[in-house]
Amino acid sequence: MTKKIGWAFLVLSTLFFLVPFLIPFFTMSTKMKVAIGGVALVAAEVLFWVGALLVGKETVQKYTKRFFKKKEKDS
């Protein structure tokens, strides 16, 4: 159950990260746009790390190895 909640947090963090890219299309004051963008980015970061904690260390390492493979150096 906690893994499902963790994955949901990870997906939500991605959606919150995309909010600042949509803000310029709204008609509101600049102060409000900056505030919404800042809150969205902070919320995205918090949701990401809480989701990563709930998913578990092994799962994060598995996906990190899959997507961020280190290139071997030729000696």
# chains A, B, ... in the order shown; residues from 1 in each chain; ligands from 1

call {"tool": "residues_around", "arguments": {"residues": "Val50 (chain A)", "least_positions_apart": "6", "cutoff": "9 Å", "atoms": "only C-alpha atoms", "output": "list of chain:residue names"}}
result
A:Gly6, A:Phe9, A:Leu10

call {"tool": "write_last_selection", "arguments": {"atoms": "all heavy atoms", "output": "PDB file, in the first residue's frame"}}
result
ATOM      1  N   GLY A   6       3.496   6.017  -2.608  1.00  0.00           N
ATOM      2  CA  GLY A   6       4.775   6.587  -3.021  1.00  0.00           C
ATOM      3  C   GLY A   6       4.811   6.880  -4.504  1.00  0.00           C
ATOM      4  O   GLY A   6       5.272   7.947  -4.933  1.00  0.00           O
ATOM      5  N   PHE A   9       2.707   9.893  -5.231  1.00  0.00           N
ATOM      6  CA  PHE A   9       3.434  11.118  -4.891  1.00  0.00           C
ATOM      7  C   PHE A   9       4.450  11.469  -5.975  1.00  0.00           C
ATOM      8  O   PHE A   9       4.636  12.639  -6.306  1.00  0.00           O
ATOM      9  CB  PHE A   9       4.119  10.990  -3.542  1.00  0.00           C
ATOM     10  CG  PHE A   9       3.224  11.207  -2.358  1.00  0.00           C
ATOM     11  CD1 PHE A   9       1.871  11.465  -2.500  1.00  0.00           C
ATOM     12  CD2 PHE A   9       3.732  11.155  -1.078  1.00  0.00           C
ATOM     13  CE1 PHE A   9       1.051  11.664  -1.408  1.00  0.00           C
ATOM     14  CE2 PHE A   9       2.927  11.361   0.028  1.00  0.00           C
ATOM     15  CZ  PHE A   9       1.581  11.613  -0.143  1.00  0.00           C
ATOM     16  N   LEU A  10       5.112  10.466  -6.518  1.00  0.00           N
ATOM     17  CA  LEU A  10       6.093  10.729  -7.568  1.00  0.00           C
ATOM     18  C   LEU A  10       5.418  11.289  -8.824  1.00  0.00           C
ATOM     19  O   LEU A  10       5.939  12.213  -9.459  1.00  0.00           O
ATOM     20  CB  LEU A  10       6.874   9.460  -7.893  1.00  0.00           C
ATOM     21  CG  LEU A  10       7.826   8.986  -6.800  1.00  0.00           C
ATOM     22  CD1 LEU A  10       8.417   7.629  -7.160  1.00  0.00           C
ATOM     23  CD2 LEU A  10       8.925   9.990  -6.556  1.00  0.00           C
TER      24      LEU A  10
END

call {"tool": "residues_around", "arguments": {"residues": "Met1 (chain A)", "least_positions_apart": "6", "cutoff": "12 Å", "atoms": "only C-alpha atoms", "output": "list in words"}}
result
Trp7, Ala8, Leu54 and Val55 of chain A

call {"tool": "write_last_selection", "arguments": {"atoms": "all heavy atoms", "output": "PDB file, in the first residue's frame"}}
result
ATOM      1  N   TRP A   7       4.308   5.939  -5.317  1.00  0.00           N
ATOM      2  CA  TRP A   7       4.266   6.170  -6.764  1.00  0.00           C
ATOM      3  C   TRP A   7       3.316   7.305  -7.107  1.00  0.00           C
ATOM      4  O   TRP A   7       3.593   8.103  -8.018  1.00  0.00           O
ATOM      5  CB  TRP A   7       3.874   4.893  -7.511  1.00  0.00           C
ATOM      6  CG  TRP A   7       5.015   3.940  -7.633  1.00  0.00           C
ATOM      7  CD1 TRP A   7       5.153   2.737  -7.011  1.00  0.00           C
ATOM      8  CD2 TRP A   7       6.206   4.121  -8.402  1.00  0.00           C
ATOM      9  NE1 TRP A   7       6.350   2.167  -7.354  1.00  0.00           N
ATOM     10  CE2 TRP A   7       7.017   2.978  -8.211  1.00  0.00           C
ATOM     11  CE3 TRP A   7       6.661   5.132  -9.241  1.00  0.00           C
ATOM     12  CZ2 TRP A   7       8.252   2.833  -8.830  1.00  0.00           C
ATOM     13  CZ3 TRP A   7       7.901   4.978  -9.848  1.00  0.00           C
ATOM     14  CH2 TRP A   7       8.678   3.843  -9.647  1.00  0.00           C
ATOM     15  N   ALA A   8       2.199   7.392  -6.382  1.00  0.00           N
ATOM     16  CA  ALA A   8       1.263   8.494  -6.616  1.00  0.00           C
ATOM     17  C   ALA A   8       1.933   9.832  -6.307  1.00  0.00           C
ATOM     18  O   ALA A   8       1.758  10.809  -7.052  1.00  0.00           O
ATOM     19  CB  ALA A   8       0.015   8.314  -5.764  1.00  0.00           C
ATOM     20  N   LEU A  54       8.762   6.520   0.481  1.00  0.00           N
ATOM     21  CA  LEU A  54       7.704   5.522   0.595  1.00  0.00           C
ATOM     22  C   LEU A  54       7.908   4.346  -0.368  1.00  0.00           C
ATOM     23  O   LEU A  54       7.569   3.213  -0.042  1.00  0.00           O
ATOM     24  CB  LEU A  54       6.335   6.164   0.343  1.00  0.00           C
ATOM     25  CG  LEU A  54       5.834   7.109   1.424  1.00  0.00           C
ATOM     26  CD1 LEU A  54       4.527   7.762   0.991  1.00  0.00           C
ATOM     27  CD2 LEU A  54       5.648   6.387   2.737  1.00  0.00           C
ATOM     28  N   VAL A  55       8.452   4.617  -1.534  1.00  0.00           N
ATOM     29  CA  VAL A  55       8.678   3.552  -2.509  1.00  0.00           C
ATOM     30  C   VAL A  55       9.780   2.621  -2.023  1.00  0.00           C
ATOM     31  O   VAL A  55       9.707   1.415  -2.197  1.00  0.00           O
ATOM     32  CB  VAL A  55       9.014   4.153  -3.889  1.00  0.00           C
ATOM     33  CG1 VAL A  55       9.542   3.110  -4.826  1.00  0.00           C
ATOM     34  CG2 VAL A  55       7.790   4.793  -4.495  1.00  0.00           C
TER      35      VAL A  55
END

call {"tool": "residues_around", "arguments": {"residues": "region 18-24 of chain A", "least_positions_apart": "4", "cutoff": "9 Å", "atoms": "only C-alpha atoms", "output": "MDAnalysis selection string"}}
result
chainID A and resid 13:14 33:34 36:38 40:41

call {"tool": "write_last_selection", "arguments": {"atoms": "N, CA, C and O atoms", "output": "compact mmCIF listing (two decimals), in the first residue's frame"}}
result
# COMPACT_ATOMS: atom_id res chain seq x y z
N SER A 13 4.37 14.83 -8.09
CA SER A 13 5.51 15.75 -8.09
C SER A 13 5.84 16.18 -9.51
O SER A 13 6.19 17.34 -9.75
N THR A 14 5.70 15.27 -10.47
CA THR A 14 5.94 15.62 -11.86
C THR A 14 4.92 16.64 -12.35
O THR A 14 5.26 17.59 -13.05
N LYS A 33 1.82 35.10 -9.90
CA LYS A 33 2.49 34.10 -10.73
C LYS A 33 3.75 33.58 -10.07
O LYS A 33 4.02 32.37 -10.05
N VAL A 34 4.53 34.50 -9.49
CA VAL A 34 5.77 34.10 -8.82
C VAL A 34 5.45 33.24 -7.59
O VAL A 34 6.11 32.23 -7.35
N ILE A 36 2.76 31.36 -7.01
CA ILE A 36 2.26 30.05 -7.42
C ILE A 36 3.40 29.18 -7.95
O ILE A 36 3.49 27.99 -7.64
N GLY A 37 4.29 29.77 -8.73
CA GLY A 37 5.43 29.02 -9.26
C GLY A 37 6.35 28.52 -8.16
O GLY A 37 6.79 27.37 -8.18
N GLY A 38 6.62 29.37 -7.19
CA GLY A 38 7.49 28.97 -6.07
C GLY A 38 6.87 27.87 -5.24
O GLY A 38 7.54 26.88 -4.89
N ALA A 40 4.61 25.74 -6.20
CA ALA A 40 4.53 24.52 -7.00
C ALA A 40 5.87 23.79 -7.03
O ALA A 40 5.91 22.56 -6.91
N LEU A 41 6.96 24.53 -7.17
CA LEU A 41 8.28 23.88 -7.20
C LEU A 41 8.65 23.28 -5.85
O LEU A 41 9.21 22.18 -5.79

call {"tool": "select_by_dssp", "arguments": {"residues": "chain A", "states": "alpha helix (DSSP H)", "output": "PyMOL selection string"}}
result
chain A and resi 2-22+30-55+57-67

call {"tool": "residues_around", "arguments": {"residues": "Leu53 (chain A)", "least_positions_apart": "2", "cutoff": "12 Å", "atoms": "only C-alpha atoms", "output": "ChimeraX atom specification"}}
result
/A:2-7,9-10,46-51,55-61

call {"tool": "write_last_selection", "arguments": {"atoms": "N, CA, C and O atoms", "output": "PDB file, in the first residue's frame"}}
result
ATOM      1  N   THR A   2       1.945   1.228   0.786  1.00  0.00           N
ATOM      2  CA  THR A   2       2.784   2.425   0.840  1.00  0.00           C
ATOM      3  C   THR A   2       3.516   2.655  -0.481  1.00  0.00           C
ATOM      4  O   THR A   2       3.788   3.799  -0.827  1.00  0.00           O
ATOM      5  N   LYS A   3       3.820   1.565  -1.204  1.00  0.00           N
ATOM      6  CA  LYS A   3       4.477   1.759  -2.504  1.00  0.00           C
ATOM      7  C   LYS A   3       3.543   2.451  -3.487  1.00  0.00           C
ATOM      8  O   LYS A   3       3.975   3.280  -4.273  1.00  0.00           O
ATOM      9  N   LYS A   4       2.251   2.106  -3.445  1.00  0.00           N
ATOM     10  CA  LYS A   4       1.299   2.755  -4.348  1.00  0.00           C
ATOM     11  C   LYS A   4       1.179   4.237  -4.022  1.00  0.00           C
ATOM     12  O   LYS A   4       1.120   5.072  -4.919  1.00  0.00           O
ATOM     13  N   ILE A   5       1.146   4.564  -2.744  1.00  0.00           N
ATOM     14  CA  ILE A   5       1.083   5.971  -2.337  1.00  0.00           C
ATOM     15  C   ILE A   5       2.367   6.681  -2.755  1.00  0.00           C
ATOM     16  O   ILE A   5       2.337   7.821  -3.234  1.00  0.00           O
ATOM     17  N   GLY A   6       3.496   6.017  -2.608  1.00  0.00           N
ATOM     18  CA  GLY A   6       4.775   6.587  -3.021  1.00  0.00           C
ATOM     19  C   GLY A   6       4.811   6.880  -4.504  1.00  0.00           C
ATOM     20  O   GLY A   6       5.272   7.947  -4.933  1.00  0.00           O
ATOM     21  N   TRP A   7       4.308   5.939  -5.317  1.00  0.00           N
ATOM     22  CA  TRP A   7       4.266   6.170  -6.764  1.00  0.00           C
ATOM     23  C   TRP A   7       3.316   7.305  -7.107  1.00  0.00           C
ATOM     24  O   TRP A   7       3.593   8.103  -8.018  1.00  0.00           O
ATOM     25  N   PHE A   9       2.707   9.893  -5.231  1.00  0.00           N
ATOM     26  CA  PHE A   9       3.434  11.118  -4.891  1.00  0.00           C
ATOM     27  C   PHE A   9       4.450  11.469  -5.975  1.00  0.00           C
ATOM     28  O   PHE A   9       4.636  12.639  -6.306  1.00  0.00           O
ATOM     29  N   LEU A  10       5.112  10.466  -6.518  1.00  0.00           N
ATOM     30  CA  LEU A  10       6.093  10.729  -7.568  1.00  0.00           C
ATOM     31  C   LEU A  10       5.418  11.289  -8.824  1.00  0.00           C
ATOM     32  O   LEU A  10       5.939  12.213  -9.459  1.00  0.00           O
ATOM     33  N   VAL A  46       9.099  18.351  -2.389  1.00  0.00           N
ATOM     34  CA  VAL A  46       8.679  17.634  -1.182  1.00  0.00           C
ATOM     35  C   VAL A  46       7.962  16.336  -1.554  1.00  0.00           C
ATOM     36  O   VAL A  46       8.242  15.271  -0.991  1.00  0.00           O
ATOM     37  N   LEU A  47       7.044  16.406  -2.502  1.00  0.00           N
ATOM     38  CA  LEU A  47       6.326  15.200  -2.922  1.00  0.00           C
ATOM     39  C   LEU A  47       7.274  14.158  -3.511  1.00  0.00           C
ATOM     40  O   LEU A  47       7.118  12.958  -3.282  1.00  0.00           O
ATOM     41  N   PHE A  48       8.277  14.617  -4.255  1.00  0.00           N
ATOM     42  CA  PHE A  48       9.225  13.679  -4.832  1.00  0.00           C
ATOM     43  C   PHE A  48       9.982  12.917  -3.752  1.00  0.00           C
ATOM     44  O   PHE A  48      10.085  11.692  -3.793  1.00  0.00           O
ATOM     45  N   TRP A  49      10.516  13.632  -2.770  1.00  0.00           N
ATOM     46  CA  TRP A  49      11.322  12.966  -1.749  1.00  0.00           C
ATOM     47  C   TRP A  49      10.487  12.104  -0.816  1.00  0.00           C
ATOM     48  O   TRP A  49      10.918  11.028  -0.409  1.00  0.00           O
ATOM     49  N   VAL A  50       9.271  12.541  -0.493  1.00  0.00           N
ATOM     50  CA  VAL A  50       8.393  11.703   0.327  1.00  0.00           C
ATOM     51  C   VAL A  50       8.008  10.449  -0.462  1.00  0.00           C
ATOM     52  O   VAL A  50       8.006   9.340   0.082  1.00  0.00           O
ATOM     53  N   GLY A  51       7.713  10.613  -1.746  1.00  0.00           N
ATOM     54  CA  GLY A  51       7.403   9.462  -2.586  1.00  0.00           C
ATOM     55  C   GLY A  51       8.568   8.504  -2.692  1.00  0.00           C
ATOM     56  O   GLY A  51       8.390   7.280  -2.632  1.00  0.00           O
ATOM     57  N   VAL A  55       8.452   4.617  -1.534  1.00  0.00           N
ATOM     58  CA  VAL A  55       8.678   3.552  -2.509  1.00  0.00           C
ATOM     59  C   VAL A  55       9.780   2.621  -2.023  1.00  0.00           C
ATOM     60  O   VAL A  55       9.707   1.415  -2.197  1.00  0.00           O
ATOM     61  N   GLY A  56      10.796   3.176  -1.410  1.00  0.00           N
ATOM     62  CA  GLY A  56      11.857   2.346  -0.855  1.00  0.00           C
ATOM     63  C   GLY A  56      13.177   2.522  -1.572  1.00  0.00           C
ATOM     64  O   GLY A  56      13.231   2.866  -2.753  1.00  0.00           O
ATOM     65  N   LYS A  57      14.207   2.264  -0.825  1.00  0.00           N
ATOM     66  CA  LYS A  57      15.571   2.448  -1.312  1.00  0.00           C
ATOM     67  C   LYS A  57      15.880   1.522  -2.493  1.00  0.00           C
ATOM     68  O   LYS A  57      16.489   1.938  -3.469  1.00  0.00           O
ATOM     69  N   GLU A  58      15.456   0.274  -2.395  1.00  0.00           N
ATOM     70  CA  GLU A  58      15.773  -0.699  -3.440  1.00  0.00           C
ATOM     71  C   GLU A  58      15.127  -0.309  -4.773  1.00  0.00           C
ATOM     72  O   GLU A  58      15.745  -0.411  -5.825  1.00  0.00           O
ATOM     73  N   THR A  59      13.890   0.145  -4.732  1.00  0.00           N
ATOM     74  CA  THR A  59      13.193   0.532  -5.951  1.00  0.00           C
ATOM     75  C   THR A  59      13.829   1.762  -6.579  1.00  0.00           C
ATOM     76  O   THR A  59      14.000   1.823  -7.803  1.00  0.00           O
ATOM     77  N   VAL A  60      14.202   2.720  -5.764  1.00  0.00           N
ATOM     78  CA  VAL A  60      14.848   3.932  -6.279  1.00  0.00           C
ATOM     79  C   VAL A  60      16.184   3.574  -6.917  1.00  0.00           C
ATOM     80  O   VAL A  60      16.516   4.059  -8.001  1.00  0.00           O
ATOM     81  N   GLN A  61      16.957   2.694  -6.269  1.00  0.00           N
ATOM     82  CA  GLN A  61      18.240   2.284  -6.832  1.00  0.00           C
ATOM     83  C   GLN A  61      18.052   1.526  -8.143  1.00  0.00           C
ATOM     84  O   GLN A  61      18.824   1.700  -9.080  1.00  0.00           O
TER      85      GLN A  61
END

call {"tool": "closest_residue", "arguments": {"among": "A:Phe16, A:Tyr63, A:Phe26, A:Phe68", "to": "Val39 (chain A)", "atoms": "only C-alpha atoms"}}
result
A:Phe16

call {"tool": "atom_distance", "arguments": {"atom1": "CA of Phe17 (chain A)", "atom2": "CA of Met32 (chain A)"}}
result
17.0 Å
